Amino acid sequence: MDNLLEKIARLEEKHNKLDPEFVKKKNIKLGLRNLDGTGVVVGITSKGQVRGYEKDKWGKSRPTPGKIYYCGIDVEEIVDNIEKEKRFGFEEVAYLLLTGKLPTAEDLHGFLHELGVKRRIPDVAKKVIRFNSRNNDQMGALHAAVSSLHKFDPDPRSTDIRDVTRQCVDLIAKFPTIIAYNYCVLRSNGSRTHPTFVPPESSLSTAQNFFYMVQGKIPDDEIAHVFDIALILHAEHGGGNNSTFTVRTVSSSLTDTYMAMCAGIASLSGHLHGGANEAVMNMMEGIKKDVKDWNDDDEIVSCLENILDGKSGDRSGKIYGLGHAVYTISDPRATILKEKARTFASKKGRLDEFNLYEKVAEQSVRLIRRKKGKKVSPNVDFYSGFVYDMMGIPSELFTPIFAMSRIAGWSAHRIEEIIQGRLIRPAYISSWNKPITYTPIKKR
């Protein structure tokens, strides 16, 4: 059987490779990307808008400092106001993304109450979560638990917007609980007793509740507020990111909400999407070991060159946390998290690590520009893992936390896609130039 599988794999590799010249000749937009790397415009959304370029008077695009807007509002402005008012903002952002409008004080109070009462999950669903798997794949566990919630919905297949809204709000509320409980099971593996699930507290914010369910205590205000900001920054990023586009694609077929969100989870769990901050942490651990003097720029550059050349690190030739499909000069989310990382590092006695992160980012930008001719900047993943680590959050939770935040954006895009009502169906060109004659089995 192993030999057969090996043969099948070799044939798959042989027959599925693309000829770059054929792609160029046919003007095929692989990955729905234009030749300059920008995304092919395939839809309209009122939810998230990402800007990293602007056109000059001749119509030529030029890079600009990155901006992201939620329903037309600058996210940096949202974060600034939330911080000034010393309150939690993720729930407000979720409401904004769903409705397109900022909530009134009365609306926000009602929405917070609705989330609070929906956080608990059915006892039967807890049994699904308690099932001990043979691996520590937290995204797989999230996928299994969310799909199981389908069984507890009185009308799971409905695509009426009122039902879909009910389901989406329910999932926004339940994702933190599911993720926290999945981690409790992972942490208790090998124990003879079942993990203790801490019930969510309806009076706490999403950020506070998550720490409360994972650690059994309410976090201090600074940690809770910075975590809340991280949730805000990851809640939405336009319709073109892979997981959101996946949710929109399957939603356009009028599948149910649980299937659509599981598709988003599946996409986010991919190596090229949701796990980049963990990859940054692993890369930085290697750099910390290889670079003897963290203040020596030459030694840092030499280490980064080895990574870029595929001679060290995971040998992929990638410096993780650098570059983005839209942002070139700056990622506004990274700018915000960088300052939070600096503050935390100073208080935690890890300023030397922060300084190394900063040097790695600066030298990587220069190195990639010199060796590859590309202009890049640190993205949100470069500092987020470091911030989570200083909060005491284990790396197994990094990508699930991304999903916990992005469920707000997925929900908003699902609803928008259903209302817009057009099945997404792009075209593919065949790689075969002419038909192949069928060969009878005796002559093969």
# chains A, B, ... in the order shown; residues from 1 in each chain; ligands from 1

call {"tool": "residues_around", "arguments": {"residues": "range 126-131 of chain A", "least_positions_apart": "3", "cutoff": "8 Å", "atoms": "only C-alpha atoms", "output": "PyMOL selection string"}}
result
chain A and resi 121-123+141+144-145+148+178+181-182+185+194-195

call {"tool": "residues_around", "arguments": {"residues": "Arg119 in chain A", "least_positions_apart": "4", "cutoff": "12 Å", "atoms": "only C-alpha atoms", "output": "list in words"}}
result
Leu112, His113, Glu114, Leu115, Val169, Asp170, Leu171, Ile172, Ala173, Lys174, Phe175, Pro176, Thr177, Ile178, Ile179, Ala180, Val198, Pro199, Pro200, Glu201, Ser202, Ser203, Leu204, Ser205, Thr206, Asn209, Phe210 and Met213 of chain A

call {"tool": "write_last_selection", "arguments": {"atoms": "N, CA and C atoms", "output": "short mmCIF file (atom, residue, chain, number, x, y, z; two decimals), in the first residue's frame"}}
result
data_model
loop_
_atom_site.label_atom_id
_atom_site.label_comp_id
_atom_site.auth_asym_id
_atom_site.auth_seq_id
_atom_site.Cartn_x
_atom_site.Cartn_y
_atom_site.Cartn_z
N LEU A 112 -24.54 43.44 24.41
CA LEU A 112 -23.69 42.81 25.43
C LEU A 112 -24.48 41.78 26.23
N HIS A 113 -25.73 42.11 26.55
CA HIS A 113 -26.58 41.16 27.28
C HIS A 113 -26.82 39.91 26.45
N GLU A 114 -27.09 40.10 25.14
CA GLU A 114 -27.36 38.97 24.25
C GLU A 114 -26.15 38.05 24.16
N LEU A 115 -24.96 38.64 24.03
CA LEU A 115 -23.73 37.84 23.98
C LEU A 115 -23.52 37.10 25.30
N VAL A 169 -24.63 35.67 15.86
CA VAL A 169 -24.44 36.25 17.21
C VAL A 169 -24.15 35.14 18.21
N ASP A 170 -24.84 34.01 18.06
CA ASP A 170 -24.62 32.86 18.94
C ASP A 170 -23.18 32.36 18.83
N LEU A 171 -22.64 32.31 17.61
CA LEU A 171 -21.28 31.82 17.41
C LEU A 171 -20.24 32.83 17.88
N ILE A 172 -20.50 34.13 17.68
CA ILE A 172 -19.59 35.16 18.20
C ILE A 172 -19.47 35.01 19.71
N ALA A 173 -20.59 34.72 20.35
CA ALA A 173 -20.60 34.54 21.81
C ALA A 173 -19.90 33.25 22.23
N LYS A 174 -20.11 32.16 21.48
CA LYS A 174 -19.64 30.83 21.90
C LYS A 174 -18.20 30.51 21.50
N PHE A 175 -17.65 31.15 20.49
CA PHE A 175 -16.28 30.82 20.07
C PHE A 175 -15.28 30.89 21.23
N PRO A 176 -15.27 31.96 22.05
CA PRO A 176 -14.31 32.01 23.15
C PRO A 176 -14.47 30.84 24.13
N THR A 177 -15.72 30.46 24.40
CA THR A 177 -15.99 29.35 25.31
C THR A 177 -15.46 28.04 24.74
N ILE A 178 -15.75 27.79 23.48
CA ILE A 178 -15.28 26.55 22.83
C ILE A 178 -13.76 26.48 22.83
N ILE A 179 -13.12 27.58 22.45
CA ILE A 179 -11.65 27.61 22.37
C ILE A 179 -11.02 27.41 23.74
N ALA A 180 -11.59 28.07 24.76
CA ALA A 180 -11.07 27.92 26.12
C ALA A 180 -11.22 26.48 26.60
N VAL A 198 -14.68 26.09 33.35
CA VAL A 198 -15.15 27.27 34.09
C VAL A 198 -16.28 27.91 33.30
N PRO A 199 -17.47 28.03 33.87
CA PRO A 199 -18.59 28.63 33.14
C PRO A 199 -18.30 30.09 32.82
N PRO A 200 -18.68 30.56 31.62
CA PRO A 200 -18.47 31.97 31.28
C PRO A 200 -19.31 32.86 32.17
N GLU A 201 -18.80 34.05 32.40
CA GLU A 201 -19.49 35.01 33.25
C GLU A 201 -20.13 36.08 32.37
N SER A 202 -21.43 36.22 32.43
CA SER A 202 -22.16 37.11 31.52
C SER A 202 -21.80 38.59 31.71
N SER A 203 -21.32 38.95 32.88
CA SER A 203 -21.04 40.37 33.14
C SER A 203 -19.66 40.80 32.64
N LEU A 204 -18.83 39.84 32.22
CA LEU A 204 -17.48 40.16 31.77
C LEU A 204 -17.45 40.40 30.26
N SER A 205 -16.44 41.14 29.80
CA SER A 205 -16.25 41.35 28.37
C SER A 205 -15.72 40.06 27.74
N THR A 206 -15.72 40.02 26.41
CA THR A 206 -15.17 38.86 25.70
C THR A 206 -13.72 38.64 26.09
N ASN A 209 -13.51 37.39 29.75
CA ASN A 209 -14.08 36.05 29.87
C ASN A 209 -13.12 34.98 29.38
N PHE A 210 -12.42 35.27 28.29
CA PHE A 210 -11.53 34.26 27.74
C PHE A 210 -10.45 33.89 28.76
N MET A 213 -11.96 31.88 31.69
CA MET A 213 -12.25 30.47 31.41
C MET A 213 -10.99 29.64 31.24
#

call {"tool": "closest_residue", "arguments": {"among": "A:Val326, A:Leu233, A:Leu142, A:Leu367", "to": "Glu77 in chain A", "atoms": "only C-alpha atoms"}}
result
A:Leu233

call {"tool": "residues_around", "arguments": {"residues": "Ala105 in chain A", "least_positions_apart": "5", "cutoff": "12 Å", "atoms": "only C-alpha atoms", "output": "mmCIF file with C-alpha atoms, in the first residue's frame"}}
result
data_model
loop_
_atom_site.group_PDB
_atom_site.id
_atom_site.type_symbol
_atom_site.label_atom_id
_atom_site.label_comp_id
_atom_site.auth_asym_id
_atom_site.auth_seq_id
_atom_site.Cartn_x
_atom_site.Cartn_y
_atom_site.Cartn_z
ATOM 1 C CA GLU A 92 -18.948 47.266 19.691
ATOM 2 C CA TYR A 95 -22.070 45.145 16.218
ATOM 3 C CA GLY A 110 -28.643 45.034 24.689
ATOM 4 C CA PHE A 111 -26.006 43.438 22.455
ATOM 5 C CA LEU A 112 -23.691 42.811 25.431
#

call {"tool": "residues_around", "arguments": {"residues": "range 387-392 of chain A", "least_positions_apart": "5", "cutoff": "12 Å", "atoms": "only C-alpha atoms", "output": "PyMOL selection string"}}
result
chain A and resi 211+214-215+219-231+277-278+280-282+334+336-351+353-354+357+380-382+397-399+401-402

call {"tool": "write_last_selection", "arguments": {"atoms": "N, CA and C atoms", "output": "tab-separated table (two decimals), in the first residue's frame"}}
result
chain	number	residue	atom	x	y	z
A	211	PHE	N	-9.81	34.89	29.34
A	211	PHE	CA	-8.79	34.61	30.36
A	211	PHE	C	-9.40	33.93	31.57
A	214	VAL	N	-9.92	30.26	30.75
A	214	VAL	CA	-8.66	29.52	30.54
A	214	VAL	C	-7.85	29.43	31.83
A	215	GLN	N	-7.78	30.53	32.55
A	215	GLN	CA	-6.89	30.61	33.73
A	215	GLN	C	-7.63	30.53	35.06
A	219	PRO	N	-8.31	38.55	34.43
A	219	PRO	CA	-6.99	39.16	34.25
A	219	PRO	C	-6.96	40.59	34.75
A	220	ASP	N	-5.76	41.12	34.98
A	220	ASP	CA	-5.69	42.53	35.38
A	220	ASP	C	-6.12	43.40	34.21
A	221	ASP	N	-6.50	44.62	34.50
A	221	ASP	CA	-7.12	45.49	33.50
A	221	ASP	C	-6.23	45.73	32.29
A	222	GLU	N	-4.93	45.90	32.50
A	222	GLU	CA	-4.04	46.21	31.38
A	222	GLU	C	-4.01	45.06	30.37
A	223	ILE	N	-3.86	43.84	30.87
A	223	ILE	CA	-3.85	42.68	29.98
A	223	ILE	C	-5.17	42.55	29.25
A	224	ALA	N	-6.27	42.68	29.97
A	224	ALA	CA	-7.60	42.54	29.36
A	224	ALA	C	-7.83	43.57	28.27
A	225	HIS	N	-7.42	44.82	28.52
A	225	HIS	CA	-7.64	45.88	27.54
A	225	HIS	C	-6.75	45.72	26.31
A	226	VAL	N	-5.52	45.30	26.48
A	226	VAL	CA	-4.64	45.09	25.33
A	226	VAL	C	-5.15	43.88	24.51
A	227	PHE	N	-5.61	42.85	25.20
A	227	PHE	CA	-6.16	41.69	24.50
A	227	PHE	C	-7.40	42.10	23.71
A	228	ASP	N	-8.22	42.95	24.30
A	228	ASP	CA	-9.41	43.47	23.62
A	228	ASP	C	-9.01	44.21	22.34
A	229	ILE	N	-7.95	44.99	22.39
A	229	ILE	CA	-7.48	45.72	21.21
A	229	ILE	C	-7.00	44.74	20.15
A	230	ALA	N	-6.30	43.68	20.58
A	230	ALA	CA	-5.85	42.65	19.63
A	230	ALA	C	-7.04	42.01	18.93
A	231	LEU	N	-8.12	41.76	19.67
A	231	LEU	CA	-9.34	41.19	19.07
A	231	LEU	C	-9.94	42.15	18.06
A	277	ASN	N	1.83	34.10	13.19
A	277	ASN	CA	2.43	34.65	14.42
A	277	ASN	C	3.17	33.56	15.20
A	278	GLU	N	2.66	32.33	15.14
A	278	GLU	CA	3.39	31.22	15.77
A	278	GLU	C	4.69	30.94	15.03
A	280	VAL	N	6.43	33.18	13.48
A	280	VAL	CA	7.34	34.26	13.88
A	280	VAL	C	8.02	33.90	15.20
A	281	MET	N	7.23	33.41	16.16
A	281	MET	CA	7.78	33.05	17.47
A	281	MET	C	8.84	31.96	17.33
A	282	ASN	N	8.55	30.95	16.52
A	282	ASN	CA	9.53	29.87	16.30
A	282	ASN	C	10.79	30.39	15.64
A	334	ALA	N	0.05	46.40	12.92
A	334	ALA	CA	1.39	46.13	13.46
A	334	ALA	C	1.91	47.34	14.22
A	336	ILE	N	0.19	49.53	15.93
A	336	ILE	CA	-0.46	49.57	17.24
A	336	ILE	C	0.11	48.50	18.17
A	337	LEU	N	0.23	47.27	17.66
A	337	LEU	CA	0.70	46.17	18.51
A	337	LEU	C	2.18	46.33	18.88
A	338	LYS	N	2.95	46.98	18.03
A	338	LYS	CA	4.36	47.20	18.34
A	338	LYS	C	4.50	48.04	19.61
A	339	GLU	N	3.68	49.07	19.73
A	339	GLU	CA	3.75	49.93	20.91
A	339	GLU	C	3.25	49.20	22.15
A	340	LYS	N	2.26	48.34	21.99
A	340	LYS	CA	1.80	47.53	23.13
A	340	LYS	C	2.90	46.54	23.54
A	341	ALA	N	3.58	45.99	22.57
A	341	ALA	CA	4.68	45.06	22.86
A	341	ALA	C	5.80	45.78	23.60
A	342	ARG	N	6.10	47.01	23.19
A	342	ARG	CA	7.16	47.78	23.86
A	342	ARG	C	6.80	48.04	25.33
A	343	THR	N	5.55	48.44	25.56
A	343	THR	CA	5.11	48.72	26.94
A	343	THR	C	5.15	47.47	27.81
A	344	PHE	N	4.61	46.37	27.28
A	344	PHE	CA	4.60	45.11	28.02
A	344	PHE	C	6.02	44.63	28.32
A	345	ALA	N	6.88	44.70	27.30
A	345	ALA	CA	8.25	44.22	27.45
A	345	ALA	C	8.99	44.99	28.53
A	346	SER	N	8.74	46.28	28.59
A	346	SER	CA	9.38	47.11	29.62
A	346	SER	C	8.95	46.68	31.02
A	347	LYS	N	7.66	46.36	31.17
A	347	LYS	CA	7.14	45.97	32.48
A	347	LYS	C	7.50	44.53	32.85
A	348	LYS	N	7.69	43.68	31.84
A	348	LYS	CA	7.98	42.27	32.08
A	348	LYS	C	9.48	41.97	32.12
A	349	GLY	N	10.31	43.00	31.97
A	349	GLY	CA	11.76	42.77	31.97
A	349	GLY	C	12.24	42.06	30.71
A	350	ARG	N	11.53	42.29	29.59
A	350	ARG	CA	11.89	41.63	28.33
A	350	ARG	C	12.17	42.65	27.23
A	351	LEU	N	12.66	43.80	27.65
A	351	LEU	CA	12.94	44.87	26.69
A	351	LEU	C	14.06	44.47	25.73
A	353	GLU	N	14.45	41.54	24.45
A	353	GLU	CA	13.79	40.76	23.41
A	353	GLU	C	13.05	41.67	22.43
A	354	PHE	N	12.35	42.67	22.98
A	354	PHE	CA	11.65	43.61	22.11
A	354	PHE	C	12.62	44.31	21.18
A	357	TYR	N	13.48	42.06	18.39
A	357	TYR	CA	12.39	42.03	17.41
A	357	TYR	C	12.47	43.26	16.50
A	380	VAL	N	0.88	42.40	10.98
A	380	VAL	CA	0.28	42.23	12.31
A	380	VAL	C	0.83	41.01	13.05
A	381	ASP	N	1.25	40.00	12.29
A	381	ASP	CA	1.73	38.76	12.91
A	381	ASP	C	3.11	38.91	13.55
A	382	PHE	N	3.86	39.93	13.15
A	382	PHE	CA	5.23	40.03	13.65
A	382	PHE	C	5.28	40.25	15.16
A	397	LEU	N	-2.80	28.46	21.26
A	397	LEU	CA	-4.03	29.26	21.20
A	397	LEU	C	-3.93	30.43	20.23
A	398	PHE	N	-2.76	30.66	19.65
A	398	PHE	CA	-2.60	31.85	18.80
A	398	PHE	C	-3.60	31.87	17.64
A	399	THR	N	-3.66	30.79	16.86
A	399	THR	CA	-4.56	30.78	15.70
A	399	THR	C	-6.03	30.68	16.12
A	401	ILE	N	-7.33	32.05	18.68
A	401	ILE	CA	-7.69	33.41	19.08
A	401	ILE	C	-7.98	34.27	17.85
A	402	PHE	N	-7.21	34.06	16.79
A	402	PHE	CA	-7.47	34.74	15.52
A	402	PHE	C	-8.91	34.43	15.07

call {"tool": "closest_residue", "arguments": {"among": "A:Ala279, A:Leu5, A:Leu32, A:Leu96", "to": "Asn242 in chain A", "atoms": "only C-alpha atoms"}}
result
A:Leu32
